[in-house]
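Structure data (mmCIF, C-alpha atoms and all ligand atoms) from data35.cif:
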data_run
#
loop_
_atom_site.label_atom_id
_atom_site.label_comp_id
_atom_site.auth_asym_id
_atom_site.auth_seq_id
_atom_site.Cartn_x
_atom_site.Cartn_y
_atom_site.Cartn_z
CA MET P 552 -33.32 9.77 -2.60
CA LEU P 553 -29.67 9.03 -3.33
CA ASN P 554 -27.25 7.35 -0.97
CA GLU P 555 -26.08 10.23 1.21
CA LYS P 556 -23.00 8.37 2.44
CA MET P 557 -21.85 7.81 -1.13
CA ILE P 558 -22.47 11.45 -2.06
CA ALA P 559 -20.35 12.45 0.94
CA LEU P 560 -17.56 10.09 -0.19
CA GLY P 561 -17.78 11.25 -3.79
CA THR P 562 -17.51 14.89 -2.83
CA ALA P 563 -15.12 14.67 0.13
CA ARG P 564 -11.94 16.65 -0.41
CA SER P 565 -8.77 14.62 -0.78
CA VAL P 566 -5.79 16.49 0.64
CA ILE P 567 -3.45 14.60 -1.70
CA ARG P 568 -5.50 15.34 -4.82
CA GLU P 569 -5.92 18.98 -3.82
CA LEU P 570 -2.17 19.35 -3.42
CA PHE P 571 -1.63 17.72 -6.80
CA GLU P 572 -4.16 20.06 -8.47
CA TYR P 573 -2.60 23.04 -6.72
CA GLY P 574 0.79 21.92 -8.12
CA ASN P 575 -0.65 21.91 -11.64
CA GLN P 576 -2.09 25.41 -11.17
CA ARG P 577 1.23 26.74 -9.83
CA ALA P 578 3.12 25.05 -12.68
CA ALA P 579 1.00 26.99 -15.17
CA ILE P 580 2.03 30.23 -13.44
CA VAL P 581 5.66 29.74 -12.36
CA GLY P 582 6.71 26.89 -14.67
CA ARG P 583 6.75 23.15 -13.97
CA GLU P 584 10.47 23.15 -13.06
CA HIS P 585 9.81 25.47 -10.10
CA VAL P 586 7.15 23.28 -8.48
CA PHE P 587 8.32 20.33 -6.37
CA ASP P 588 5.35 18.04 -6.20
CA PHE P 589 5.84 15.10 -3.81
CA SER P 590 2.13 14.47 -3.30
CA LEU P 591 1.15 11.41 -5.37
CA GLY P 592 2.27 7.79 -5.11
CA ASN P 593 2.34 7.15 -8.85
CA PRO P 594 5.40 5.06 -9.87
CA SER P 595 7.86 7.17 -11.88
CA VAL P 596 9.79 4.38 -13.58
CA PRO P 597 8.41 2.53 -16.59
CA ALA P 598 7.18 -1.04 -16.43
CA PRO P 599 9.91 -3.57 -17.33
CA ALA P 600 10.43 -4.10 -21.07
CA LYS P 601 9.01 -7.61 -20.77
CA VAL P 602 5.56 -6.16 -19.99
CA ASN P 603 5.29 -4.41 -23.36
CA GLU P 604 6.97 -7.30 -25.17
CA THR P 605 4.42 -9.70 -23.70
CA ILE P 606 1.52 -7.40 -24.63
CA MET P 607 2.78 -7.16 -28.22
CA GLU P 608 3.37 -10.87 -28.44
CA LEU P 609 -0.12 -11.56 -27.10
CA CYS P 610 -1.72 -9.09 -29.51
CA GLN P 611 0.11 -10.58 -32.48
CA ASN P 612 -0.17 -14.27 -31.73
CA SER P 613 -3.35 -14.90 -29.70
CA ASP P 614 -6.92 -15.48 -30.70
CA PRO P 615 -8.26 -11.92 -30.16
CA VAL P 616 -11.68 -13.10 -29.02
CA GLN P 617 -10.13 -15.26 -26.32
CA LEU P 618 -7.45 -12.67 -25.43
CA HIS P 619 -9.99 -9.97 -24.65
CA GLY P 620 -12.74 -12.28 -23.42
CA TYR P 621 -13.84 -13.02 -19.85
CA THR P 622 -11.79 -15.48 -17.84
CA SER P 623 -13.41 -17.55 -15.12
CA ALA P 624 -14.56 -15.42 -12.17
CA PRO P 625 -11.50 -15.98 -9.90
CA GLY P 626 -9.09 -15.61 -12.85
CA ALA P 627 -7.62 -17.87 -15.53
CA VAL P 628 -6.70 -21.29 -14.12
CA GLU P 629 -3.22 -21.37 -15.71
CA VAL P 630 -2.45 -17.80 -14.58
CA ARG P 631 -3.34 -18.59 -10.97
CA GLN P 632 -1.25 -21.76 -11.08
CA THR P 633 1.77 -19.92 -12.55
CA LEU P 634 1.55 -17.19 -9.90
CA ALA P 635 1.14 -19.76 -7.10
CA GLU P 636 4.29 -21.55 -8.27
CA SER P 637 6.17 -18.24 -8.37
CA ILE P 638 5.11 -17.45 -4.79
CA ASN P 639 6.14 -20.96 -3.73
CA ARG P 640 9.61 -20.54 -5.26
CA ARG P 641 10.16 -17.20 -3.53
CA HIS P 642 8.59 -17.88 -0.14
CA GLY P 643 8.79 -21.66 0.34
CA THR P 644 4.99 -22.01 0.47
CA ASN P 645 2.92 -24.80 -1.03
CA TYR P 646 0.09 -23.01 -2.86
CA SER P 647 -1.78 -24.05 -5.94
CA GLY P 648 -3.83 -21.87 -8.24
CA ALA P 649 -6.87 -22.72 -6.08
CA ASN P 650 -5.44 -20.50 -3.31
CA LEU P 651 -5.41 -17.41 -5.53
CA PHE P 652 -8.19 -15.05 -6.59
CA MET P 653 -7.22 -12.51 -9.27
CA THR P 654 -8.38 -8.96 -8.55
CA CYS P 655 -8.35 -5.42 -9.95
CA GLY P 656 -5.40 -4.34 -7.75
CA ALA P 657 -4.88 -4.14 -3.99
CA ALA P 658 -7.92 -1.93 -3.45
CA ALA P 659 -10.16 -4.66 -4.88
CA SER P 660 -8.23 -7.32 -2.94
CA LEU P 661 -8.84 -5.44 0.32
CA THR P 662 -12.49 -4.62 -0.28
CA SER P 663 -13.23 -8.20 -1.38
CA CYS P 664 -11.59 -9.61 1.75
CA LEU P 665 -13.20 -7.07 4.08
CA HIS P 666 -16.67 -7.58 2.63
CA GLY P 667 -16.16 -11.33 2.68
CA LEU P 668 -15.15 -11.35 6.35
CA CYS P 669 -17.05 -8.54 8.08
CA ASN P 670 -20.57 -8.17 9.37
CA PRO P 671 -22.03 -4.89 10.61
CA GLY P 672 -20.83 -4.25 14.17
CA ASP P 673 -17.47 -5.99 13.68
CA GLU P 674 -14.22 -4.15 14.29
CA VAL P 675 -11.19 -3.99 12.02
CA VAL P 676 -7.90 -2.79 13.48
CA VAL P 677 -5.41 -0.67 11.55
CA ILE P 678 -1.98 0.49 12.68
CA ALA P 679 -1.10 4.18 12.26
CA PRO P 680 0.25 5.52 10.03
CA TYR P 681 -2.20 3.83 7.68
CA PHE P 682 -3.42 4.15 4.08
CA PRO P 683 -6.45 6.47 4.41
CA GLU P 684 -8.66 4.41 2.07
CA TYR P 685 -8.79 1.67 4.73
CA LYS P 686 -11.41 3.70 6.61
CA VAL P 687 -13.62 3.94 3.52
CA PHE P 688 -13.18 0.24 2.70
CA ILE P 689 -13.89 -0.90 6.28
CA GLU P 690 -16.87 1.35 6.96
CA LYS P 691 -18.61 0.32 3.73
CA THR P 692 -18.91 -3.19 5.20
CA GLY P 693 -20.73 -1.85 8.28
CA ALA P 694 -17.70 -2.61 10.45
CA GLU P 695 -15.86 -0.02 12.50
CA MET P 696 -12.22 0.96 12.04
CA VAL P 697 -10.15 0.90 15.23
CA MET P 698 -6.80 2.70 15.03
CA VAL P 699 -3.68 1.79 16.98
CA PRO P 700 -1.53 4.92 17.45
CA ALA P 701 1.84 5.01 15.71
CA ASP P 702 5.16 3.98 17.17
CA ILE P 703 6.89 7.15 15.98
CA GLU P 704 10.34 5.98 17.10
CA ALA P 705 10.58 3.07 14.64
CA PHE P 706 7.17 2.72 12.94
CA GLN P 707 6.85 -0.87 14.16
CA ILE P 708 3.82 -1.78 16.35
CA GLN P 709 3.04 -0.61 19.90
CA PHE P 710 1.82 -3.97 21.15
CA ASP P 711 0.38 -2.69 24.43
CA GLU P 712 -1.76 -0.23 22.47
CA LEU P 713 -2.78 -2.96 20.03
CA GLU P 714 -3.67 -5.44 22.78
CA ALA P 715 -5.85 -2.83 24.50
CA ARG P 716 -7.86 -2.48 21.28
CA LEU P 717 -8.50 -6.17 20.54
CA THR P 718 -12.02 -7.12 21.61
CA PRO P 719 -14.42 -10.00 20.96
CA LYS P 720 -15.73 -7.83 18.09
CA THR P 721 -12.34 -7.76 16.35
CA LYS P 722 -12.78 -9.56 13.04
CA ALA P 723 -9.55 -8.58 11.32
CA ILE P 724 -6.44 -6.46 11.40
CA ILE P 725 -4.82 -4.86 8.35
CA ILE P 726 -1.07 -4.48 8.21
CA ASN P 727 0.85 -2.79 5.42
CA SER P 728 4.56 -3.51 5.23
CA PRO P 729 6.50 -1.97 3.51
CA ASN P 730 4.32 0.85 4.71
CA ASN P 731 2.65 3.77 3.01
CA PRO P 732 3.42 6.43 4.28
CA SER P 733 6.33 5.62 6.64
CA GLY P 734 8.27 3.26 4.36
CA ALA P 735 8.82 1.03 7.41
CA VAL P 736 9.14 -2.72 7.00
CA TYR P 737 7.92 -4.81 9.92
CA SER P 738 10.77 -6.92 11.28
CA GLU P 739 10.51 -10.66 11.79
CA ALA P 740 10.28 -10.01 15.56
CA THR P 741 7.33 -7.67 15.01
CA ILE P 742 5.50 -10.19 12.80
CA GLN P 743 6.20 -13.03 15.25
CA THR P 744 4.96 -11.00 18.25
CA LEU P 745 1.88 -10.00 16.27
CA ALA P 746 1.22 -13.63 15.30
CA ASP P 747 1.54 -14.77 18.95
CA LEU P 748 -0.80 -12.04 20.19
CA LEU P 749 -3.44 -12.72 17.53
CA THR P 750 -3.25 -16.47 18.17
CA GLU P 751 -3.75 -15.95 21.91
CA LYS P 752 -6.63 -13.48 21.41
CA SER P 753 -8.33 -15.66 18.78
CA GLN P 754 -8.28 -18.52 21.28
CA SER P 755 -9.65 -16.45 24.12
CA PHE P 756 -12.39 -14.88 21.94
CA GLY P 757 -13.28 -18.27 20.43
CA HIS P 758 -13.04 -17.09 16.81
CA PRO P 759 -10.19 -16.28 14.45
CA ILE P 760 -8.89 -12.77 14.01
CA TYR P 761 -7.93 -12.58 10.34
CA LEU P 762 -4.79 -10.75 9.34
CA LEU P 763 -4.93 -8.91 6.01
CA ALA P 764 -1.39 -8.36 4.71
CA ASP P 765 -1.63 -5.45 2.26
CA GLU P 766 1.57 -5.81 0.24
CA PRO P 767 1.71 -3.67 -2.90
CA TYR P 768 5.23 -2.49 -1.97
CA ARG P 769 6.71 -5.93 -1.12
CA GLU P 770 9.43 -5.73 -3.77
CA ILE P 771 10.43 -2.09 -3.18
CA VAL P 772 13.01 -2.52 -0.40
CA PHE P 773 16.48 -1.13 0.23
CA ASP P 774 19.82 -2.35 1.58
CA GLY P 775 18.79 -6.01 1.61
CA THR P 776 15.78 -5.43 3.93
CA VAL P 777 13.79 -8.64 4.25
CA VAL P 778 9.99 -8.53 4.25
CA PRO P 779 8.76 -11.59 6.19
CA TYR P 780 6.09 -13.59 4.33
CA VAL P 781 3.27 -13.20 6.83
CA PRO P 782 1.28 -16.46 6.24
CA LYS P 783 4.34 -18.41 7.39
CA TYR P 784 3.97 -16.83 10.85
CA TYR P 785 0.20 -16.63 11.17
CA PRO P 786 -2.05 -19.11 9.34
CA ASN P 787 -5.17 -16.93 9.32
CA THR P 788 -3.51 -14.46 6.95
CA LEU P 789 -5.00 -13.30 3.66
CA VAL P 790 -2.44 -11.69 1.36
CA CYS P 791 -3.67 -8.69 -0.67
CA TYR P 792 -1.17 -8.19 -3.45
CA SER P 793 -0.98 -5.84 -6.42
CA TYR P 794 1.33 -5.24 -9.38
CA SER P 795 0.64 -1.48 -9.27
CA LYS P 796 3.98 -0.57 -7.73
CA SER P 797 6.39 -3.48 -8.34
CA LEU P 798 5.68 -3.60 -12.08
CA SER P 799 4.65 0.10 -12.35
CA LEU P 800 1.18 -0.89 -13.59
CA PRO P 801 -1.21 1.08 -11.34
CA GLY P 802 -3.56 1.99 -14.16
CA GLU P 803 -3.91 -1.60 -15.35
CA ARG P 804 -5.68 -2.68 -12.13
CA ILE P 805 -4.26 -6.12 -11.50
CA GLY P 806 -3.43 -8.05 -8.33
CA TYR P 807 -4.56 -11.06 -6.34
CA ILE P 808 -5.71 -12.39 -2.97
CA VAL P 809 -4.07 -15.49 -1.43
CA VAL P 810 -6.22 -17.58 0.89
CA PRO P 811 -3.82 -20.27 2.21
CA ASP P 812 -5.05 -23.80 2.99
CA GLU P 813 -3.71 -23.26 6.53
CA CYS P 814 -6.32 -20.52 7.08
CA GLU P 815 -9.19 -21.75 9.25
CA GLU P 816 -12.20 -22.74 7.09
CA HIS P 817 -10.18 -21.68 4.06
CA GLU P 818 -12.74 -22.93 1.54
CA LEU P 819 -15.47 -20.86 3.17
CA VAL P 820 -13.17 -17.84 3.46
CA PHE P 821 -12.25 -18.14 -0.23
CA ALA P 822 -15.95 -18.46 -1.11
CA ALA P 823 -16.76 -15.38 1.00
CA CYS P 824 -14.06 -13.30 -0.72
CA ALA P 825 -15.23 -14.57 -4.12
CA GLY P 826 -18.84 -13.76 -3.20
CA ALA P 827 -17.82 -10.27 -2.08
CA ALA P 828 -15.87 -9.71 -5.31
CA ARG P 829 -18.99 -10.77 -7.18
CA ALA P 830 -21.24 -8.47 -5.18
CA LEU P 831 -18.82 -5.59 -5.68
CA GLY P 832 -18.52 -6.26 -9.43
CA TYR P 833 -14.85 -7.24 -9.29
CA VAL P 834 -14.92 -10.71 -10.85
CA CYS P 835 -12.77 -11.53 -13.85
CA ALA P 836 -9.80 -9.21 -13.43
CA PRO P 837 -8.51 -7.72 -16.73
CA SER P 838 -7.86 -10.75 -18.93
CA MET P 839 -4.82 -9.60 -20.87
CA MET P 840 -3.17 -8.22 -17.73
CA GLN P 841 -3.62 -11.60 -16.03
CA LEU P 842 -1.51 -13.14 -18.82
CA VAL P 843 1.02 -10.30 -18.62
CA VAL P 844 1.64 -10.63 -14.88
CA ALA P 845 1.91 -14.41 -15.23
CA ALA P 846 4.66 -13.90 -17.82
CA CYS P 847 6.35 -11.22 -15.67
CA ALA P 848 5.77 -12.74 -12.22
CA GLU P 849 9.39 -12.52 -11.18
CA GLU P 850 10.20 -9.20 -12.86
CA THR P 851 10.17 -5.73 -11.31
CA ALA P 852 10.48 -2.25 -12.75
CA ASP P 853 13.93 -0.66 -12.26
CA LEU P 854 13.55 0.16 -8.57
CA SER P 855 17.08 1.57 -8.20
CA VAL P 856 15.79 5.12 -8.82
CA TYR P 857 13.79 4.97 -5.59
CA ALA P 858 16.85 3.74 -3.68
CA GLU P 859 18.89 6.67 -4.97
CA ASN P 860 16.12 9.21 -4.26
CA ARG P 861 15.73 7.88 -0.74
CA ARG P 862 19.49 8.08 -0.16
CA LEU P 863 19.68 11.69 -1.36
CA LEU P 864 16.72 12.77 0.77
CA MET P 865 17.91 10.98 3.89
CA GLU P 866 21.44 12.40 3.59
CA GLY P 867 20.12 15.88 2.84
CA PHE P 868 17.64 15.79 5.72
CA GLU P 869 20.27 14.61 8.16
CA LYS P 870 22.45 17.61 7.27
CA MET P 871 19.48 19.98 7.59
CA GLY P 872 18.37 18.53 10.93
CA ILE P 873 15.05 17.14 9.66
CA GLU P 874 14.37 13.97 11.67
CA CYS P 875 13.27 10.90 9.74
CA VAL P 876 13.10 7.18 10.53
CA ALA P 877 15.04 5.44 7.73
CA PRO P 878 12.53 3.67 5.51
CA GLY P 879 13.24 0.01 4.71
CA GLY P 880 11.14 0.22 1.54
CA THR P 881 8.53 1.97 -0.67
CA PHE P 882 8.97 5.28 -2.44
CA TYR P 883 7.81 7.34 0.54
CA ILE P 884 9.65 8.94 3.40
CA PHE P 885 7.85 10.31 6.44
CA PRO P 886 9.92 12.93 8.30
CA ARG P 887 8.80 14.84 11.36
CA SER P 888 7.35 18.26 10.61
CA LEU P 889 9.35 21.16 12.01
CA GLU P 890 6.36 22.28 14.06
CA PRO P 891 3.81 20.05 15.80
CA ASP P 892 1.05 21.14 13.40
CA ASP P 893 1.82 19.13 10.25
CA VAL P 894 -0.91 20.93 8.28
CA ALA P 895 0.66 24.32 9.05
CA PHE P 896 4.07 22.89 8.15
CA SER P 897 2.74 21.58 4.83
CA GLU P 898 1.21 25.03 4.15
CA LYS P 899 4.56 26.68 4.84
CA ALA P 900 6.22 24.23 2.43
CA LYS P 901 3.51 25.05 -0.09
CA SER P 902 4.46 28.73 0.07
CA LEU P 903 7.83 27.62 -1.39
CA ASP P 904 6.12 25.44 -4.03
CA LEU P 905 7.17 22.33 -2.14
CA LEU P 906 4.21 19.94 -1.94
CA VAL P 907 4.28 17.43 0.93
CA VAL P 908 1.27 15.67 2.46
CA PRO P 909 0.36 16.23 6.15
CA GLY P 910 0.61 13.07 8.27
CA SER P 911 -2.72 13.67 10.05
CA GLY P 912 -4.59 12.09 7.13
CA PHE P 913 -2.61 8.89 7.79
CA GLY P 914 -3.47 8.99 11.50
CA CYS P 915 -0.02 10.30 12.40
CA PRO P 916 0.17 14.04 12.99
CA GLY P 917 3.53 15.78 13.38
CA HIS P 918 4.86 14.18 10.19
CA VAL P 919 4.62 14.73 6.45
CA ARG P 920 4.73 12.24 3.60
CA ILE P 921 7.11 12.81 0.74
CA SER P 922 6.49 10.62 -2.34
CA HIS P 923 9.87 10.43 -3.99
CA CYS P 924 8.69 8.57 -7.07
CA VAL P 925 10.07 11.36 -9.28
CA PRO P 926 13.19 11.68 -11.46
CA THR P 927 16.32 11.94 -9.27
CA GLU P 928 17.15 15.32 -10.76
CA ARG P 929 13.94 16.68 -9.13
CA ILE P 930 15.19 15.54 -5.72
CA GLN P 931 18.56 17.22 -6.31
CA LYS P 932 16.82 20.46 -7.24
CA ALA P 933 14.38 20.23 -4.31
CA LEU P 934 17.03 19.89 -1.60
CA PRO P 935 17.92 23.63 -1.52
CA VAL P 936 14.19 24.39 -1.28
CA PHE P 937 13.89 22.06 1.73
CA GLN P 938 16.83 24.01 3.20
CA LYS P 939 14.88 27.27 2.67
CA LEU P 940 11.95 25.68 4.50
CA VAL P 941 14.22 24.75 7.42
CA ASP P 942 15.58 28.33 7.44
CA LEU P 943 12.05 29.67 7.89
CA TYR P 944 12.06 27.94 11.30
CA LYS P 945 15.35 29.45 12.47
N1 LIG V 1001 -2.66 -0.26 -0.21
C1 LIG V 1001 -1.73 0.68 -0.09
C2 LIG V 1001 -0.95 0.75 1.16
C3 LIG V 1001 -1.48 1.59 -1.12
O1 LIG V 1001 -0.53 2.53 -0.98
C4 LIG V 1001 -2.26 1.50 -2.31
C5 LIG V 1001 -2.07 2.45 -3.41
O2 LIG V 1001 -1.36 3.42 -3.34
C6 LIG V 1001 -3.23 0.50 -2.38
C7 LIG V 1001 -3.42 -0.36 -1.33
C8 LIG V 1001 -4.10 0.35 -3.59
O3 LIG V 1001 -3.32 -0.20 -4.62
P1 LIG V 1001 -3.91 -0.60 -6.03
O4 LIG V 1001 -3.52 0.47 -6.99
O5 LIG V 1001 -3.25 -1.87 -6.39
O6 LIG V 1001 -5.38 -0.75 -5.90
#
Represent the supplied structure as structure tokens.
Amino acid sequence: MLNEKMIALGTARSVIRELFEYGNQRAAIVGREHVFDFSLGNPSVPAPAKVNETIMELCQNSDPVQLHGYTSAPGAVEVRQTLAESINRRHGTNYSGANLFMTCGAAASLTSCLHGLCNPGDEVVVIAPYFPEYKVFIEKTGAEMVMVPADIEAFQIQFDELEARLTPKTKAIIINSPNNPSGAVYSEATIQTLADLLTEKSQSFGHPIYLLADEPYREIVFDGTVVPYVPKYYPNTLVCYSYSKSLSLPGERIGYIVVPDECEEHELVFAACAGAARALGYVCAPSMMQLVVAACAEETADLSVYAENRRLLMEGFEKMGIECVAPGGTFYIFPRSLEPDDVAFSEKAKSLDLLVVPGSGFGCPGHVRISHCVPTERIQKALPVFQKLVDLYK
């Protein structure tokens, strides 16, 4: 007898993947240039030159056995120390390598933290719109996902709705800022209010509520938007970071968890995350990539393309009357659909070979996600097609 839950997960349809496959089928019929595929969140700009230079340098000048060998389970000591110092320089923290656990990207960071923290029956809160994989990650631990409905005016947090959902069973909350799919960045006021609420509730429940800050988009921000460094506001924060988006390395599977010393019982929490990573088979993140990100810790890919794409879409949508909260970051925008049923709206867009993802899958119906990680010329060509879509509603 196989694990029925896993079969269900392995065979469940993914709306995003289906749209992407549909785009490929249409491209074969009508030509790639006539299909406007905004479904996937795969970075469209290359990794910075220093990534390839470092890889070549490592391949030419390192002992190959060591280069491709296992590191210690939480990652190479010198890599963790280098990354800790880089975080300290940028965020005024005081970490050492001992606060970092290297992982295979944000997904592994999140699952390691969730499995380390949660027992069956616990609750983990997420704020809509949220990354759909959270539900899979949370439920695999035996905990239950509790969703706070979206603040569709600004995509910050509806604190009354959040407070109503915090219970003695709440073990953790996941926040994702800059946010996939809304692009919103939580303001300092939002983070401070959240920190105060979680502190008060932790005290009244008699146990900490851990805050998981899922931050793969931290560096992708526009117009000088500041992304507050969450552990400075709330000590029981675990940072789940990844180089998938900032360095355009999603296929290389590399990131880290930070467990700050300020976190209650931080040594036990670190051990629990390490134990979970072990149980899940995630120890020893890719060795060469650990060295690469250490060498490129303060680099990013050329993110200006996303800024330009966002500008073109926002300006175009404003003229067309498509409502959209201006995203502070990421390469997503999340406009309102022109009819309440976002799935029907996405289908109508599909009839024009315009592929946008319904917001319902992110817990936020009435919206669609547009991944604008595409060449800018594709955005320019798509704008008249968006206009045609608007015209269908006139
Ligand atoms: N969290 C969010 C919000 C994401 O959008 C993604 C990927 O798109 C992940 C986590 C997983 O990132 P990674 O590729 O580093 O595992």
Checklist entry - Do you know which residues are at most 8 Å from region 810-817 of chain P counting all atoms listed in the file, after dropping those on the same chain fewer than 5 positions away, and could you put them as number ranges by chain? => result P: 646, 650-651, 759, 782, 786-790
For C-alpha atoms, I'd like the residues from the last selection saved as a PDB file, in the frame of the given file.
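Output contents, as saved in out.pdb:
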ATOM      1  CA  TYR P 646       0.090 -23.010  -2.860  1.00  0.00           C
ATOM      2  CA  ASN P 650      -5.440 -20.500  -3.310  1.00  0.00           C
ATOM      3  CA  LEU P 651      -5.410 -17.410  -5.530  1.00  0.00           C
ATOM      4  CA  PRO P 759     -10.190 -16.280  14.450  1.00  0.00           C
ATOM      5  CA  PRO P 782       1.280 -16.460   6.240  1.00  0.00           C
ATOM      6  CA  PRO P 786      -2.050 -19.110   9.340  1.00  0.00           C
ATOM      7  CA  ASN P 787      -5.170 -16.930   9.320  1.00  0.00           C
ATOM      8  CA  THR P 788      -3.510 -14.460   6.950  1.00  0.00           C
ATOM      9  CA  LEU P 789      -5.000 -13.300   3.660  1.00  0.00           C
ATOM     10  CA  VAL P 790      -2.440 -11.690   1.360  1.00  0.00           C
TER      11      VAL P 790
END
At a cut-off of 8 Å, using only C-alpha atoms, what residues contact Pro767 (chain P)? Leave out same-chain residues fewer than 5 positions from it and give the result as a PDB file with C-alpha atoms, in the frame of the given file.
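The result, written out as part-v1.pdb:
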ATOM      1  CA  ALA P 657      -4.880  -4.140  -3.990  1.00  0.00           C
ATOM      2  CA  CYS P 791      -3.670  -8.690  -0.670  1.00  0.00           C
ATOM      3  CA  TYR P 792      -1.170  -8.190  -3.450  1.00  0.00           C
ATOM      4  CA  SER P 793      -0.980  -5.840  -6.420  1.00  0.00           C
ATOM      5  CA  TYR P 794       1.330  -5.240  -9.380  1.00  0.00           C
ATOM      6  CA  SER P 795       0.640  -1.480  -9.270  1.00  0.00           C
ATOM      7  CA  LYS P 796       3.980  -0.570  -7.730  1.00  0.00           C
ATOM      8  CA  SER P 797       6.390  -3.480  -8.340  1.00  0.00           C
TER       9      SER P 797
END
Checklist entry - Smallest atom-to-atom distance to Glu770 (chain P): which of P:Thr662, P:Ser738, P:Ser855, P:Thr721, using only C-alpha atoms? => result P:Ser855
Next on the checklist: Neighbouring residues of region 935-938 of chain P were defined as those with any atom within 10 Å, considering all atoms listed in the file; residues of the same chain fewer than 3 positions away were excluded. Please report them as a PyMOL selection string.
Outcome noted: chain P and resi 585+587+864+867-868+870-873+900+903-905+930-932+941-943
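Counting only C-alpha atoms and all ligand atoms and comparing P:Tyr685, P:Phe821, P:Phe773, P:Tyr621, the residue that lies closest to ligand LIG 1001 (chain V) is P:Tyr685.
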Sort by chain and increasing residue number a table of all residues of chain P within 8 Å of ligand LIG 1001 (chain V), each with its closest pair of atoms and their distance in Å to one decimal, counting all atoms listed in the file, and write it as a Markdown table.
| residue | atom | partner | partner_atom | distance |
| --- | --- | --- | --- | --- |
| P:Gly592 | CA | V:LIG1001 | O2 | 6.0 |
| P:Asn593 | CA | V:LIG1001 | O2 | 7.6 |
| P:Cys655 | CA | V:LIG1001 | O6 | 6.9 |
| P:Gly656 | CA | V:LIG1001 | O5 | 3.5 |
| P:Ala657 | CA | V:LIG1001 | O5 | 3.7 |
| P:Ala658 | CA | V:LIG1001 | O6 | 3.7 |
| P:Ala659 | CA | V:LIG1001 | O6 | 6.3 |
| P:Ser660 | CA | V:LIG1001 | O6 | 7.7 |
| P:Leu661 | CA | V:LIG1001 | C7 | 7.6 |
| P:Tyr681 | CA | V:LIG1001 | C2 | 7.3 |
| P:Phe682 | CA | V:LIG1001 | C2 | 5.1 |
| P:Glu684 | CA | V:LIG1001 | C7 | 7.9 |
| P:Asn727 | CA | V:LIG1001 | C2 | 5.8 |
| P:Asn730 | CA | V:LIG1001 | C2 | 6.4 |
| P:Asn731 | CA | V:LIG1001 | C2 | 5.1 |
| P:Pro732 | CA | V:LIG1001 | O1 | 7.6 |
| P:Asp765 | CA | V:LIG1001 | N1 | 5.8 |
| P:Glu766 | CA | V:LIG1001 | N1 | 7.0 |
| P:Pro767 | CA | V:LIG1001 | N1 | 6.2 |
| P:Tyr768 | CA | V:LIG1001 | C2 | 7.6 |
| P:Tyr792 | CA | V:LIG1001 | O5 | 7.3 |
| P:Ser793 | CA | V:LIG1001 | O5 | 4.6 |
| P:Tyr794 | CA | V:LIG1001 | O5 | 6.4 |
| P:Ser795 | CA | V:LIG1001 | O5 | 4.9 |
| P:Lys796 | CA | V:LIG1001 | O5 | 7.5 |
| P:Pro801 | CA | V:LIG1001 | O4 | 5.0 |
| P:Gly802 | CA | V:LIG1001 | O4 | 7.3 |
| P:Arg804 | CA | V:LIG1001 | O5 | 6.3 |
| P:Ile805 | CA | V:LIG1001 | O5 | 6.7 |
| P:Gly806 | CA | V:LIG1001 | O5 | 6.5 |
With C-alpha atoms kept, could you save the residues just selected as a JSON list (two decimals), keeping the file's coordinate frame?
[["chain", "number", "residue", "atom", "x", "y", "z"],
["P", 592, "GLY", "CA", 2.27, 7.79, -5.11],
["P", 593, "ASN", "CA", 2.34, 7.15, -8.85],
["P", 655, "CYS", "CA", -8.35, -5.42, -9.95],
["P", 656, "GLY", "CA", -5.40, -4.34, -7.75],
["P", 657, "ALA", "CA", -4.88, -4.14, -3.99],
["P", 658, "ALA", "CA", -7.92, -1.93, -3.45],
["P", 659, "ALA", "CA", -10.16, -4.66, -4.88],
["P", 660, "SER", "CA", -8.23, -7.32, -2.94],
["P", 661, "LEU", "CA", -8.84, -5.44, 0.32],
["P", 681, "TYR", "CA", -2.20, 3.83, 7.68],
["P", 682, "PHE", "CA", -3.42, 4.15, 4.08],
["P", 684, "GLU", "CA", -8.66, 4.41, 2.07],
["P", 727, "ASN", "CA", 0.85, -2.79, 5.42],
["P", 730, "ASN", "CA", 4.32, 0.85, 4.71],
["P", 731, "ASN", "CA", 2.65, 3.77, 3.01],
["P", 732, "PRO", "CA", 3.42, 6.43, 4.28],
["P", 765, "ASP", "CA", -1.63, -5.45, 2.26],
["P", 766, "GLU", "CA", 1.57, -5.81, 0.24],
["P", 767, "PRO", "CA", 1.71, -3.67, -2.90],
["P", 768, "TYR", "CA", 5.23, -2.49, -1.97],
["P", 792, "TYR", "CA", -1.17, -8.19, -3.45],
["P", 793, "SER", "CA", -0.98, -5.84, -6.42],
["P", 794, "TYR", "CA", 1.33, -5.24, -9.38],
["P", 795, "SER", "CA", 0.64, -1.48, -9.27],
["P", 796, "LYS", "CA", 3.98, -0.57, -7.73],
["P", 801, "PRO", "CA", -1.21, 1.08, -11.34],
["P", 802, "GLY", "CA", -3.56, 1.99, -14.16],
["P", 804, "ARG", "CA", -5.68, -2.68, -12.13],
["P", 805, "ILE", "CA", -4.26, -6.12, -11.50],
["P", 806, "GLY", "CA", -3.43, -8.05, -8.33]]
